Structure formats: C-alpha cells, structure tokens
$ cat coords-v6.cif   # mmCIF, N, CA and C atoms
data_input
loop_
_atom_site.group_PDB
_atom_site.id
_atom_site.type_symbol
_atom_site.label_atom_id
_atom_site.label_comp_id
_atom_site.auth_asym_id
_atom_site.auth_seq_id
_atom_site.Cartn_x
_atom_site.Cartn_y
_atom_site.Cartn_z
ATOM 1 N N MET A 1 0.838 -1.181 0.000
ATOM 2 C CA MET A 1 0.000 0.000 0.000
ATOM 3 C C MET A 1 0.885 1.248 0.000
ATOM 4 N N ASN A 2 0.505 2.202 -0.774
ATOM 5 C CA ASN A 2 1.140 3.509 -0.765
ATOM 6 C C ASN A 2 0.286 4.424 0.099
ATOM 7 N N LEU A 3 0.869 5.080 1.074
ATOM 8 C CA LEU A 3 0.106 5.899 2.010
ATOM 9 C C LEU A 3 -0.573 7.099 1.363
ATOM 10 N N PHE A 4 -0.132 7.490 0.163
ATOM 11 C CA PHE A 4 -0.681 8.666 -0.492
ATOM 12 C C PHE A 4 -1.641 8.329 -1.628
ATOM 13 N N GLU A 5 -1.915 7.072 -1.839
ATOM 14 C CA GLU A 5 -2.804 6.668 -2.927
ATOM 15 C C GLU A 5 -3.939 5.818 -2.386
ATOM 16 N N GLU A 6 -4.817 5.436 -3.277
ATOM 17 C CA GLU A 6 -5.911 4.514 -2.970
ATOM 18 C C GLU A 6 -6.886 5.065 -1.942
ATOM 19 N N TYR A 7 -7.226 6.319 -2.031
ATOM 20 C CA TYR A 7 -8.283 6.860 -1.186
ATOM 21 C C TYR A 7 -9.215 7.687 -2.056
ATOM 22 N N LEU A 8 -10.435 7.847 -1.582
ATOM 23 C CA LEU A 8 -11.438 8.604 -2.308
ATOM 24 C C LEU A 8 -11.483 10.021 -1.756
ATOM 25 N N SER A 9 -10.946 10.977 -2.493
ATOM 26 C CA SER A 9 -10.840 12.341 -1.987
ATOM 27 C C SER A 9 -12.200 13.007 -1.801
ATOM 28 N N SER A 10 -13.248 12.483 -2.431
ATOM 29 C CA SER A 10 -14.566 13.106 -2.304
ATOM 30 C C SER A 10 -15.515 12.283 -1.438
ATOM 31 N N ALA A 11 -14.997 11.301 -0.721
ATOM 32 C CA ALA A 11 -15.849 10.462 0.120
ATOM 33 C C ALA A 11 -16.475 11.294 1.236
ATOM 34 N N PRO A 12 -17.772 11.070 1.535
ATOM 35 C CA PRO A 12 -18.422 11.851 2.593
ATOM 36 C C PRO A 12 -17.965 11.464 3.996
ATOM 37 N N GLU A 13 -17.399 10.292 4.148
ATOM 38 C CA GLU A 13 -16.940 9.804 5.442
ATOM 39 C C GLU A 13 -15.423 9.712 5.456
ATOM 40 N N GLU A 14 -14.860 9.795 6.657
ATOM 41 C CA GLU A 14 -13.432 9.534 6.794
ATOM 42 C C GLU A 14 -13.147 8.102 6.371
ATOM 43 N N GLN A 15 -11.972 7.894 5.828
ATOM 44 C CA GLN A 15 -11.549 6.547 5.438
ATOM 45 C C GLN A 15 -10.448 6.106 6.395
ATOM 46 N N THR A 16 -10.669 5.005 7.095
ATOM 47 C CA THR A 16 -9.686 4.465 8.023
ATOM 48 C C THR A 16 -9.180 3.141 7.485
ATOM 49 N N ASP A 17 -7.873 3.046 7.318
ATOM 50 C CA ASP A 17 -7.251 1.830 6.803
ATOM 51 C C ASP A 17 -6.300 1.267 7.840
ATOM 52 N N PRO A 18 -6.608 0.089 8.404
ATOM 53 C CA PRO A 18 -5.674 -0.537 9.331
ATOM 54 C C PRO A 18 -4.426 -1.001 8.581
ATOM 55 N N LEU A 19 -3.269 -0.672 9.109
ATOM 56 C CA LEU A 19 -2.008 -1.055 8.467
ATOM 57 C C LEU A 19 -1.316 -2.177 9.223
ATOM 58 N N LEU A 20 -1.447 -2.175 10.555
ATOM 59 C CA LEU A 20 -0.805 -3.196 11.393
ATOM 60 C C LEU A 20 -1.554 -3.272 12.709
ATOM 61 N N GLN A 21 -1.772 -4.497 13.186
ATOM 62 C CA GLN A 21 -2.372 -4.659 14.506
ATOM 63 C C GLN A 21 -1.748 -5.866 15.190
ATOM 64 N N THR A 22 -1.224 -5.626 16.395
ATOM 65 C CA THR A 22 -0.698 -6.696 17.240
ATOM 66 C C THR A 22 -1.349 -6.519 18.610
ATOM 67 N N ALA A 23 -0.953 -7.342 19.548
ATOM 68 C CA ALA A 23 -1.492 -7.208 20.907
ATOM 69 C C ALA A 23 -1.065 -5.892 21.552
ATOM 70 N N ALA A 24 0.042 -5.318 21.106
ATOM 71 C CA ALA A 24 0.590 -4.120 21.752
ATOM 72 C C ALA A 24 0.388 -2.821 20.980
ATOM 73 N N VAL A 25 0.179 -2.908 19.669
ATOM 74 C CA VAL A 25 0.141 -1.687 18.857
ATOM 75 C C VAL A 25 -0.849 -1.837 17.703
ATOM 76 N N ARG A 26 -1.434 -0.693 17.308
ATOM 77 C CA ARG A 26 -2.297 -0.625 16.132
ATOM 78 C C ARG A 26 -1.883 0.605 15.344
ATOM 79 N N ILE A 27 -1.672 0.444 14.046
ATOM 80 C CA ILE A 27 -1.293 1.566 13.185
ATOM 81 C C ILE A 27 -2.364 1.712 12.116
ATOM 82 N N GLU A 28 -2.842 2.950 11.931
ATOM 83 C CA GLU A 28 -3.891 3.230 10.956
ATOM 84 C C GLU A 28 -3.514 4.431 10.099
ATOM 85 N N ARG A 29 -3.955 4.383 8.866
ATOM 86 C CA ARG A 29 -3.953 5.582 8.020
ATOM 87 C C ARG A 29 -5.390 6.065 7.989
ATOM 88 N N ILE A 30 -5.577 7.345 8.275
ATOM 89 C CA ILE A 30 -6.907 7.945 8.219
ATOM 90 C C ILE A 30 -6.863 9.071 7.201
ATOM 91 N N VAL A 31 -7.837 9.072 6.280
ATOM 92 C CA VAL A 31 -7.953 10.141 5.296
ATOM 93 C C VAL A 31 -9.207 10.936 5.621
ATOM 94 N N SER A 32 -9.020 12.215 5.933
ATOM 95 C CA SER A 32 -10.123 13.115 6.271
ATOM 96 C C SER A 32 -10.259 14.157 5.174
ATOM 97 N N THR A 33 -11.493 14.474 4.845
ATOM 98 C CA THR A 33 -11.753 15.506 3.828
ATOM 99 C C THR A 33 -12.777 16.496 4.382
ATOM 100 N N GLY A 34 -12.386 17.162 5.466
ATOM 101 C CA GLY A 34 -13.262 18.150 6.077
ATOM 102 C C GLY A 34 -14.011 17.640 7.292
ATOM 103 N N GLN A 35 -13.903 16.361 7.613
ATOM 104 C CA GLN A 35 -14.625 15.821 8.769
ATOM 105 C C GLN A 35 -14.014 16.327 10.072
ATOM 106 N N VAL A 36 -14.871 16.529 11.064
ATOM 107 C CA VAL A 36 -14.454 16.966 12.396
ATOM 108 C C VAL A 36 -15.266 16.183 13.426
ATOM 109 N N SER A 37 -14.872 16.297 14.679
ATOM 110 C CA SER A 37 -15.640 15.671 15.755
ATOM 111 C C SER A 37 -16.992 16.367 15.882
ATOM 112 N N PRO A 38 -18.046 15.621 16.187
ATOM 113 C CA PRO A 38 -19.357 16.246 16.380
ATOM 114 C C PRO A 38 -19.329 17.243 17.540
ATOM 115 N N PRO A 39 -20.197 18.245 17.528
ATOM 116 C CA PRO A 39 -20.241 19.219 18.624
ATOM 117 C C PRO A 39 -20.404 18.508 19.969
ATOM 118 N N GLY A 40 -19.573 18.896 20.932
ATOM 119 C CA GLY A 40 -19.651 18.336 22.266
ATOM 120 C C GLY A 40 -19.024 16.964 22.443
ATOM 121 N N PHE A 41 -18.541 16.350 21.351
ATOM 122 C CA PHE A 41 -17.945 15.013 21.438
ATOM 123 C C PHE A 41 -16.455 15.113 21.728
ATOM 124 N N TRP A 42 -15.979 14.278 22.644
ATOM 125 C CA TRP A 42 -14.560 14.201 22.973
ATOM 126 C C TRP A 42 -14.126 12.746 22.946
ATOM 127 N N TYR A 43 -12.995 12.467 22.303
ATOM 128 C CA TYR A 43 -12.372 11.141 22.424
ATOM 129 C C TYR A 43 -11.767 11.053 23.819
ATOM 130 N N ASP A 44 -11.935 9.919 24.470
ATOM 131 C CA ASP A 44 -11.352 9.670 25.784
ATOM 132 C C ASP A 44 -10.907 8.211 25.771
ATOM 133 N N GLN A 45 -9.731 7.980 25.259
ATOM 134 C CA GLN A 45 -9.255 6.636 24.938
ATOM 135 C C GLN A 45 -8.447 6.012 26.064
ATOM 136 N N ALA A 46 -8.488 4.689 26.112
ATOM 137 C CA ALA A 46 -7.681 3.927 27.071
ATOM 138 C C ALA A 46 -6.288 3.647 26.514
ATOM 139 N N GLU A 47 -6.055 4.021 25.256
ATOM 140 C CA GLU A 47 -4.758 3.800 24.601
ATOM 141 C C GLU A 47 -4.017 5.122 24.465
ATOM 142 N N ASP A 48 -2.685 5.044 24.435
ATOM 143 C CA ASP A 48 -1.881 6.182 24.014
ATOM 144 C C ASP A 48 -2.008 6.287 22.500
ATOM 145 N N GLU A 49 -1.927 7.513 21.978
ATOM 146 C CA GLU A 49 -2.000 7.710 20.528
ATOM 147 C C GLU A 49 -0.959 8.738 20.105
ATOM 148 N N TRP A 50 -0.191 8.375 19.082
ATOM 149 C CA TRP A 50 0.743 9.302 18.446
ATOM 150 C C TRP A 50 0.216 9.513 17.043
ATOM 151 N N VAL A 51 0.075 10.765 16.626
ATOM 152 C CA VAL A 51 -0.435 11.067 15.295
ATOM 153 C C VAL A 51 0.532 11.985 14.562
ATOM 154 N N THR A 52 0.578 11.823 13.253
ATOM 155 C CA THR A 52 1.304 12.765 12.417
ATOM 156 C C THR A 52 0.463 13.031 11.176
ATOM 157 N N VAL A 53 0.595 14.227 10.635
ATOM 158 C CA VAL A 53 -0.095 14.596 9.410
ATOM 159 C C VAL A 53 0.895 14.444 8.265
ATOM 160 N N LEU A 54 0.569 13.562 7.343
ATOM 161 C CA LEU A 54 1.437 13.309 6.188
ATOM 162 C C LEU A 54 1.129 14.262 5.037
ATOM 163 N N GLN A 55 -0.116 14.731 4.975
ATOM 164 C CA GLN A 55 -0.560 15.619 3.901
ATOM 165 C C GLN A 55 -1.716 16.453 4.436
ATOM 166 N N GLY A 56 -1.812 17.692 4.003
ATOM 167 C CA GLY A 56 -2.918 18.545 4.411
ATOM 168 C C GLY A 56 -2.692 19.171 5.777
ATOM 169 N N GLU A 57 -3.797 19.542 6.427
ATOM 170 C CA GLU A 57 -3.746 20.201 7.725
ATOM 171 C C GLU A 57 -4.877 19.695 8.599
ATOM 172 N N ALA A 58 -4.690 19.856 9.913
ATOM 173 C CA ALA A 58 -5.726 19.449 10.863
ATOM 174 C C ALA A 58 -5.649 20.315 12.112
ATOM 175 N N GLY A 59 -6.769 20.401 12.804
ATOM 176 C CA GLY A 59 -6.823 21.073 14.086
ATOM 177 C C GLY A 59 -7.243 20.080 15.150
ATOM 178 N N LEU A 60 -6.527 20.074 16.267
ATOM 179 C CA LEU A 60 -6.861 19.237 17.415
ATOM 180 C C LEU A 60 -7.032 20.128 18.630
ATOM 181 N N GLU A 61 -8.027 19.812 19.424
ATOM 182 C CA GLU A 61 -8.211 20.495 20.695
ATOM 183 C C GLU A 61 -8.114 19.443 21.787
ATOM 184 N N THR A 62 -7.302 19.714 22.806
ATOM 185 C CA THR A 62 -7.218 18.840 23.962
ATOM 186 C C THR A 62 -7.658 19.635 25.184
ATOM 187 N N GLU A 63 -7.690 18.970 26.309
ATOM 188 C CA GLU A 63 -8.013 19.666 27.550
ATOM 189 C C GLU A 63 -6.948 20.702 27.891
ATOM 190 N N ARG A 64 -5.774 20.557 27.297
ATOM 191 C CA ARG A 64 -4.629 21.413 27.630
ATOM 192 C C ARG A 64 -4.333 22.513 26.615
ATOM 193 N N GLU A 65 -4.622 22.214 25.335
ATOM 194 C CA GLU A 65 -4.189 23.161 24.303
ATOM 195 C C GLU A 65 -4.954 22.964 23.001
ATOM 196 N N ILE A 66 -4.780 23.926 22.104
ATOM 197 C CA ILE A 66 -5.319 23.837 20.748
ATOM 198 C C ILE A 66 -4.131 23.737 19.816
ATOM 199 N N LEU A 67 -4.140 22.730 18.961
ATOM 200 C CA LEU A 67 -3.028 22.474 18.052
ATOM 201 C C LEU A 67 -3.477 22.652 16.612
ATOM 202 N N ARG A 68 -2.621 23.241 15.810
ATOM 203 C CA ARG A 68 -2.831 23.324 14.363
ATOM 204 C C ARG A 68 -1.703 22.509 13.753
ATOM 205 N N LEU A 69 -2.028 21.387 13.135
ATOM 206 C CA LEU A 69 -1.023 20.495 12.566
ATOM 207 C C LEU A 69 -1.003 20.637 11.052
ATOM 208 N N LYS A 70 0.200 20.737 10.516
ATOM 209 C CA LYS A 70 0.370 20.756 9.067
ATOM 210 C C LYS A 70 1.299 19.613 8.686
ATOM 211 N N LYS A 71 1.499 19.419 7.436
ATOM 212 C CA LYS A 71 2.329 18.327 6.928
ATOM 213 C C LYS A 71 3.630 18.220 7.731
ATOM 214 N N GLY A 72 3.852 17.025 8.288
ATOM 215 C CA GLY A 72 5.074 16.768 9.040
ATOM 216 C C GLY A 72 4.959 16.969 10.535
ATOM 217 N N ASP A 73 3.893 17.656 10.994
ATOM 218 C CA ASP A 73 3.714 17.867 12.428
ATOM 219 C C ASP A 73 3.163 16.604 13.075
ATOM 220 N N CYS A 74 3.469 16.432 14.367
ATOM 221 C CA CYS A 74 2.958 15.274 15.091
ATOM 222 C C CYS A 74 2.572 15.690 16.499
ATOM 223 N N ALA A 75 1.789 14.810 17.142
ATOM 224 C CA ALA A 75 1.341 15.073 18.514
ATOM 225 C C ALA A 75 1.192 13.742 19.233
ATOM 226 N N PHE A 76 1.435 13.777 20.535
ATOM 227 C CA PHE A 76 1.228 12.604 21.376
ATOM 228 C C PHE A 76 0.026 12.873 22.271
ATOM 229 N N LEU A 77 -0.920 11.949 22.254
ATOM 230 C CA LEU A 77 -2.135 12.069 23.043
ATOM 231 C C LEU A 77 -2.167 10.901 24.027
ATOM 232 N N PRO A 78 -1.721 11.130 25.258
ATOM 233 C CA PRO A 78 -1.686 10.022 26.217
ATOM 234 C C PRO A 78 -3.093 9.528 26.549
ATOM 235 N N ALA A 79 -3.180 8.274 26.944
ATOM 236 C CA ALA A 79 -4.456 7.690 27.341
ATOM 237 C C ALA A 79 -5.127 8.588 28.375
ATOM 238 N N GLY A 80 -6.437 8.774 28.217
ATOM 239 C CA GLY A 80 -7.192 9.582 29.170
ATOM 240 C C GLY A 80 -7.204 11.069 28.888
ATOM 241 N N LEU A 81 -6.402 11.542 27.928
ATOM 242 C CA LEU A 81 -6.429 12.962 27.571
ATOM 243 C C LEU A 81 -7.573 13.182 26.581
ATOM 244 N N ARG A 82 -8.601 13.853 27.043
ATOM 245 C CA ARG A 82 -9.735 14.107 26.154
ATOM 246 C C ARG A 82 -9.291 15.017 25.014
ATOM 247 N N HIS A 83 -9.713 14.649 23.797
ATOM 248 C CA HIS A 83 -9.344 15.439 22.623
ATOM 249 C C HIS A 83 -10.422 15.328 21.560
ATOM 250 N N ARG A 84 -10.367 16.258 20.627
ATOM 251 C CA ARG A 84 -11.329 16.286 19.522
ATOM 252 C C ARG A 84 -10.681 16.899 18.288
ATOM 253 N N VAL A 85 -11.204 16.547 17.134
ATOM 254 C CA VAL A 85 -10.722 17.095 15.865
ATOM 255 C C VAL A 85 -11.598 18.297 15.520
ATOM 256 N N THR A 86 -10.974 19.456 15.339
ATOM 257 C CA THR A 86 -11.723 20.689 15.070
ATOM 258 C C THR A 86 -11.646 21.133 13.611
ATOM 259 N N TYR A 87 -10.713 20.564 12.853
ATOM 260 C CA TYR A 87 -10.548 20.976 11.453
ATOM 261 C C TYR A 87 -9.767 19.909 10.708
ATOM 262 N N THR A 88 -10.151 19.625 9.474
ATOM 263 C CA THR A 88 -9.311 18.864 8.540
ATOM 264 C C THR A 88 -9.461 19.482 7.161
ATOM 265 N N SER A 89 -8.355 19.576 6.444
ATOM 266 C CA SER A 89 -8.396 20.169 5.103
ATOM 267 C C SER A 89 -9.119 19.233 4.134
ATOM 268 N N ARG A 90 -9.770 19.845 3.163
ATOM 269 C CA ARG A 90 -10.464 19.078 2.112
ATOM 270 C C ARG A 90 -9.553 18.866 0.908
ATOM 271 N N GLU A 91 -8.825 19.905 0.555
ATOM 272 C CA GLU A 91 -7.967 19.860 -0.627
ATOM 273 C C GLU A 91 -6.650 20.527 -0.280
ATOM 274 N N PRO A 92 -5.583 19.829 -0.118
ATOM 275 C CA PRO A 92 -5.555 18.380 -0.261
ATOM 276 C C PRO A 92 -6.181 17.704 0.951
ATOM 277 N N ALA A 93 -6.580 16.476 0.760
ATOM 278 C CA ALA A 93 -7.125 15.688 1.866
ATOM 279 C C ALA A 93 -6.088 15.628 2.989
ATOM 280 N N CYS A 94 -6.583 15.531 4.201
ATOM 281 C CA CYS A 94 -5.697 15.376 5.363
ATOM 282 C C CYS A 94 -5.427 13.880 5.542
ATOM 283 N N ILE A 95 -4.175 13.497 5.421
ATOM 284 C CA ILE A 95 -3.795 12.099 5.631
ATOM 285 C C ILE A 95 -3.040 12.013 6.948
ATOM 286 N N TRP A 96 -3.612 11.250 7.876
ATOM 287 C CA TRP A 96 -3.032 11.028 9.195
ATOM 288 C C TRP A 96 -2.372 9.660 9.225
ATOM 289 N N LEU A 97 -1.312 9.542 9.982
ATOM 290 C CA LEU A 97 -0.769 8.243 10.368
ATOM 291 C C LEU A 97 -0.892 8.194 11.879
ATOM 292 N N CYS A 98 -1.631 7.211 12.382
ATOM 293 C CA CYS A 98 -1.930 7.128 13.817
ATOM 294 C C CYS A 98 -1.390 5.825 14.381
ATOM 295 N N VAL A 99 -0.680 5.935 15.480
ATOM 296 C CA VAL A 99 -0.124 4.768 16.165
ATOM 297 C C VAL A 99 -0.744 4.720 17.557
ATOM 298 N N PHE A 100 -1.479 3.656 17.824
ATOM 299 C CA PHE A 100 -2.131 3.445 19.117
ATOM 300 C C PHE A 100 -1.359 2.364 19.856
ATOM 301 N N SER A 101 -1.119 2.588 21.141
ATOM 302 C CA SER A 101 -0.407 1.573 21.930
ATOM 303 C C SER A 101 -1.022 1.507 23.315
ATOM 304 N N LYS A 102 -0.827 0.340 23.951
ATOM 305 C CA LYS A 102 -1.342 0.190 25.307
ATOM 306 C C LYS A 102 -0.652 1.186 26.224
ATOM 307 N N ALA A 103 -1.454 1.831 27.042
ATOM 308 C CA ALA A 103 -0.896 2.792 27.993
ATOM 309 C C ALA A 103 -0.151 2.042 29.091
ATOM 310 N N GLU A 104 0.932 2.653 29.558
ATOM 311 C CA GLU A 104 1.667 2.049 30.670
ATOM 312 C C GLU A 104 0.815 2.115 31.925
ATOM 313 N N GLU A 105 0.851 1.040 32.693
ATOM 314 C CA GLU A 105 0.096 1.032 33.947
ATOM 315 C C GLU A 105 0.771 1.941 34.953
ATOM 316 N N LYS A 106 -0.047 2.734 35.620
ATOM 317 C CA LYS A 106 0.484 3.647 36.631
ATOM 318 C C LYS A 106 0.471 2.952 37.984
ATOM 319 N N SER A 107 1.586 3.073 38.713
ATOM 320 C CA SER A 107 1.627 2.417 40.022
ATOM 321 C C SER A 107 1.327 3.381 41.140
#
$ encode --input "coords-v6.cif" --output "structure tokens"
Amino acid sequence: MNLFEEYLSSAPEEQTDPLLQTAAVRIERIVSTGQVSPPGFWYDQAEDEWVTVLQGEAGLETEREILRLKKGDCAFLPAGLRHRVTYTSREPACIWLCVFSKAEEKS
C-alpha cells in the first residue's frame, strides 16, 4: 500500500485503513476531507495515541491546548487525555498516520 494513494478524496466519510495490529500496537492511516468531531464530542481513549499529518492540515483540541497540525507535524495524546478534531483540510485531503499503543500502567 502507498500511504498517499488509494483513497477517495470526495468520500463523505473519513476513510480508516488498518495497516498493522498486534497485541501491543495498532497503526492506521486515516484520510479526512473536512470531517471533524461532532459538537460536544470528545475522544477519551484507554490507549496512548501518536499522530502525524502526512498531507494537508488538521486542528486538534485537547483539555490542555489547541493544536494546528500541518504536513510533518505530530502530537502525542496520552491515554485519558480528552481530545477532539476541530478541522481537517479538504484539498488536499488530510492524511493522518496514527499509532495506538497500550498505555503504561500507573503504580
């Protein structure tokens, strides 16, 4: 698979493509074309997530800050950090690479 091909740039829904999944890690390519989190919705995951934008731009809001990500930018979202997507570019499509991993147990 080529990370920059094989997606529908005019699809009404985000396209999520699983690239790798093991017991410890999951890697996905997500293609967004203007999709954002619904009003009032927050992700609150039990997994750590590292994201990078390979193409386009995106906006993320966390409990701590507002981020504007462009091509090459990345962010780490630790488990339990509420976050939401506030913006994704349509043209070019926003291509994310997301790595999810089990959060370390806190003692």
$ select_by_dssp --input "coords-v6.cif" --residues "chain A" --states "strand (DSSP E or B)" --output "PyMOL selection string"
chain A and resi 15-21+25-32+43+47-55+57-62+66-70+74-77+83-88+94-102
$ closest_residue --input "coords-v6.cif" --among "A:Pro18, A:Ala75, A:Val31, A:Asp48" --to "Ser101 in chain A" --atoms "all atoms listed in the file"
A:Asp48
$ closest_residue --input "coords-v6.cif" --among "A:Ile66, A:Ala23, A:Val99, A:Leu60" --to "Arg84 in chain A" --atoms "only N, CA and C atoms"
A:Leu60
$ closest_residue --input "coords-v6.cif" --among "A:Thr86, A:Gln15, A:Phe4, A:Thr22" --to "Gly59 in chain A" --atoms "only N, CA and C atoms"
A:Thr86
$ closest_residue --input "coords-v6.cif" --among "A:Lys71, A:Val51, A:Leu3, A:Glu13" --to "Thr33 in chain A" --atoms "all atoms listed in the file"
A:Glu13
$ residues_around --input "coords-v6.cif" --residues "Lys70 in chain A" --least-positions-apart "2" --cutoff "7 Å" --atoms "all atoms listed in the file" --output "NGL selection string"
:A and (53-58 or 68 or 72-74)
$ write_last_selection --input "coords-v6.cif" --atoms "N, CA and C atoms" --output "PDB file, in the coordinates of the input"
ATOM      1  N   VAL A  53       0.595  14.227  10.635  1.00  0.00           N
ATOM      2  CA  VAL A  53      -0.095  14.596   9.410  1.00  0.00           C
ATOM      3  C   VAL A  53       0.895  14.444   8.265  1.00  0.00           C
ATOM      4  N   LEU A  54       0.569  13.562   7.343  1.00  0.00           N
ATOM      5  CA  LEU A  54       1.437  13.309   6.188  1.00  0.00           C
ATOM      6  C   LEU A  54       1.129  14.262   5.037  1.00  0.00           C
ATOM      7  N   GLN A  55      -0.116  14.731   4.975  1.00  0.00           N
ATOM      8  CA  GLN A  55      -0.560  15.619   3.901  1.00  0.00           C
ATOM      9  C   GLN A  55      -1.716  16.453   4.436  1.00  0.00           C
ATOM     10  N   GLY A  56      -1.812  17.692   4.003  1.00  0.00           N
ATOM     11  CA  GLY A  56      -2.918  18.545   4.411  1.00  0.00           C
ATOM     12  C   GLY A  56      -2.692  19.171   5.777  1.00  0.00           C
ATOM     13  N   GLU A  57      -3.797  19.542   6.427  1.00  0.00           N
ATOM     14  CA  GLU A  57      -3.746  20.201   7.725  1.00  0.00           C
ATOM     15  C   GLU A  57      -4.877  19.695   8.599  1.00  0.00           C
ATOM     16  N   ALA A  58      -4.690  19.856   9.913  1.00  0.00           N
ATOM     17  CA  ALA A  58      -5.726  19.449  10.863  1.00  0.00           C
ATOM     18  C   ALA A  58      -5.649  20.315  12.112  1.00  0.00           C
ATOM     19  N   ARG A  68      -2.621  23.241  15.810  1.00  0.00           N
ATOM     20  CA  ARG A  68      -2.831  23.324  14.363  1.00  0.00           C
ATOM     21  C   ARG A  68      -1.703  22.509  13.753  1.00  0.00           C
ATOM     22  N   GLY A  72       3.852  17.025   8.288  1.00  0.00           N
ATOM     23  CA  GLY A  72       5.074  16.768   9.040  1.00  0.00           C
ATOM     24  C   GLY A  72       4.959  16.969  10.535  1.00  0.00           C
ATOM     25  N   ASP A  73       3.893  17.656  10.994  1.00  0.00           N
ATOM     26  CA  ASP A  73       3.714  17.867  12.428  1.00  0.00           C
ATOM     27  C   ASP A  73       3.163  16.604  13.075  1.00  0.00           C
ATOM     28  N   CYS A  74       3.469  16.432  14.367  1.00  0.00           N
ATOM     29  CA  CYS A  74       2.958  15.274  15.091  1.00  0.00           C
ATOM     30  C   CYS A  74       2.572  15.690  16.499  1.00  0.00           C
TER      31      CYS A  74
END
$ atom_distance --input "coords-v6.cif" --atom1 "CA of Tyr43 in chain A" --atom2 "CA of His83 in chain A"
5.3 Å
$ closest_residue --input "coords-v6.cif" --among "A:Ser32, A:Ser37, A:Thr52, A:Gln21" --to "Ala93 in chain A" --atoms "all atoms listed in the file"
A:Ser32
$ resolve_selection --input "coords-v6.cif" --expression "the PyMOL selection byres ((chain A and resi 29) around 6)" --output "short mmCIF file (atom, residue, chain, number, x, y, z; two decimals) with N, CA and C atoms, keeping the file's coordinate frame"
data_model
loop_
_atom_site.label_atom_id
_atom_site.label_comp_id
_atom_site.auth_asym_id
_atom_site.auth_seq_id
_atom_site.Cartn_x
_atom_site.Cartn_y
_atom_site.Cartn_z
N GLN A 15 -11.97 7.89 5.83
CA GLN A 15 -11.55 6.55 5.44
C GLN A 15 -10.45 6.11 6.40
N THR A 16 -10.67 5.00 7.10
CA THR A 16 -9.69 4.46 8.02
C THR A 16 -9.18 3.14 7.48
N ASP A 17 -7.87 3.05 7.32
CA ASP A 17 -7.25 1.83 6.80
C ASP A 17 -6.30 1.27 7.84
N PRO A 18 -6.61 0.09 8.40
CA PRO A 18 -5.67 -0.54 9.33
C PRO A 18 -4.43 -1.00 8.58
N LEU A 19 -3.27 -0.67 9.11
CA LEU A 19 -2.01 -1.06 8.47
C LEU A 19 -1.32 -2.18 9.22
N ILE A 27 -1.67 0.44 14.05
CA ILE A 27 -1.29 1.57 13.18
C ILE A 27 -2.36 1.71 12.12
N GLU A 28 -2.84 2.95 11.93
CA GLU A 28 -3.89 3.23 10.96
C GLU A 28 -3.51 4.43 10.10
N ILE A 30 -5.58 7.34 8.28
CA ILE A 30 -6.91 7.94 8.22
C ILE A 30 -6.86 9.07 7.20
N VAL A 31 -7.84 9.07 6.28
CA VAL A 31 -7.95 10.14 5.30
C VAL A 31 -9.21 10.94 5.62
N TRP A 96 -3.61 11.25 7.88
CA TRP A 96 -3.03 11.03 9.20
C TRP A 96 -2.37 9.66 9.22
N LEU A 97 -1.31 9.54 9.98
CA LEU A 97 -0.77 8.24 10.37
C LEU A 97 -0.89 8.19 11.88
N CYS A 98 -1.63 7.21 12.38
CA CYS A 98 -1.93 7.13 13.82
C CYS A 98 -1.39 5.82 14.38
#
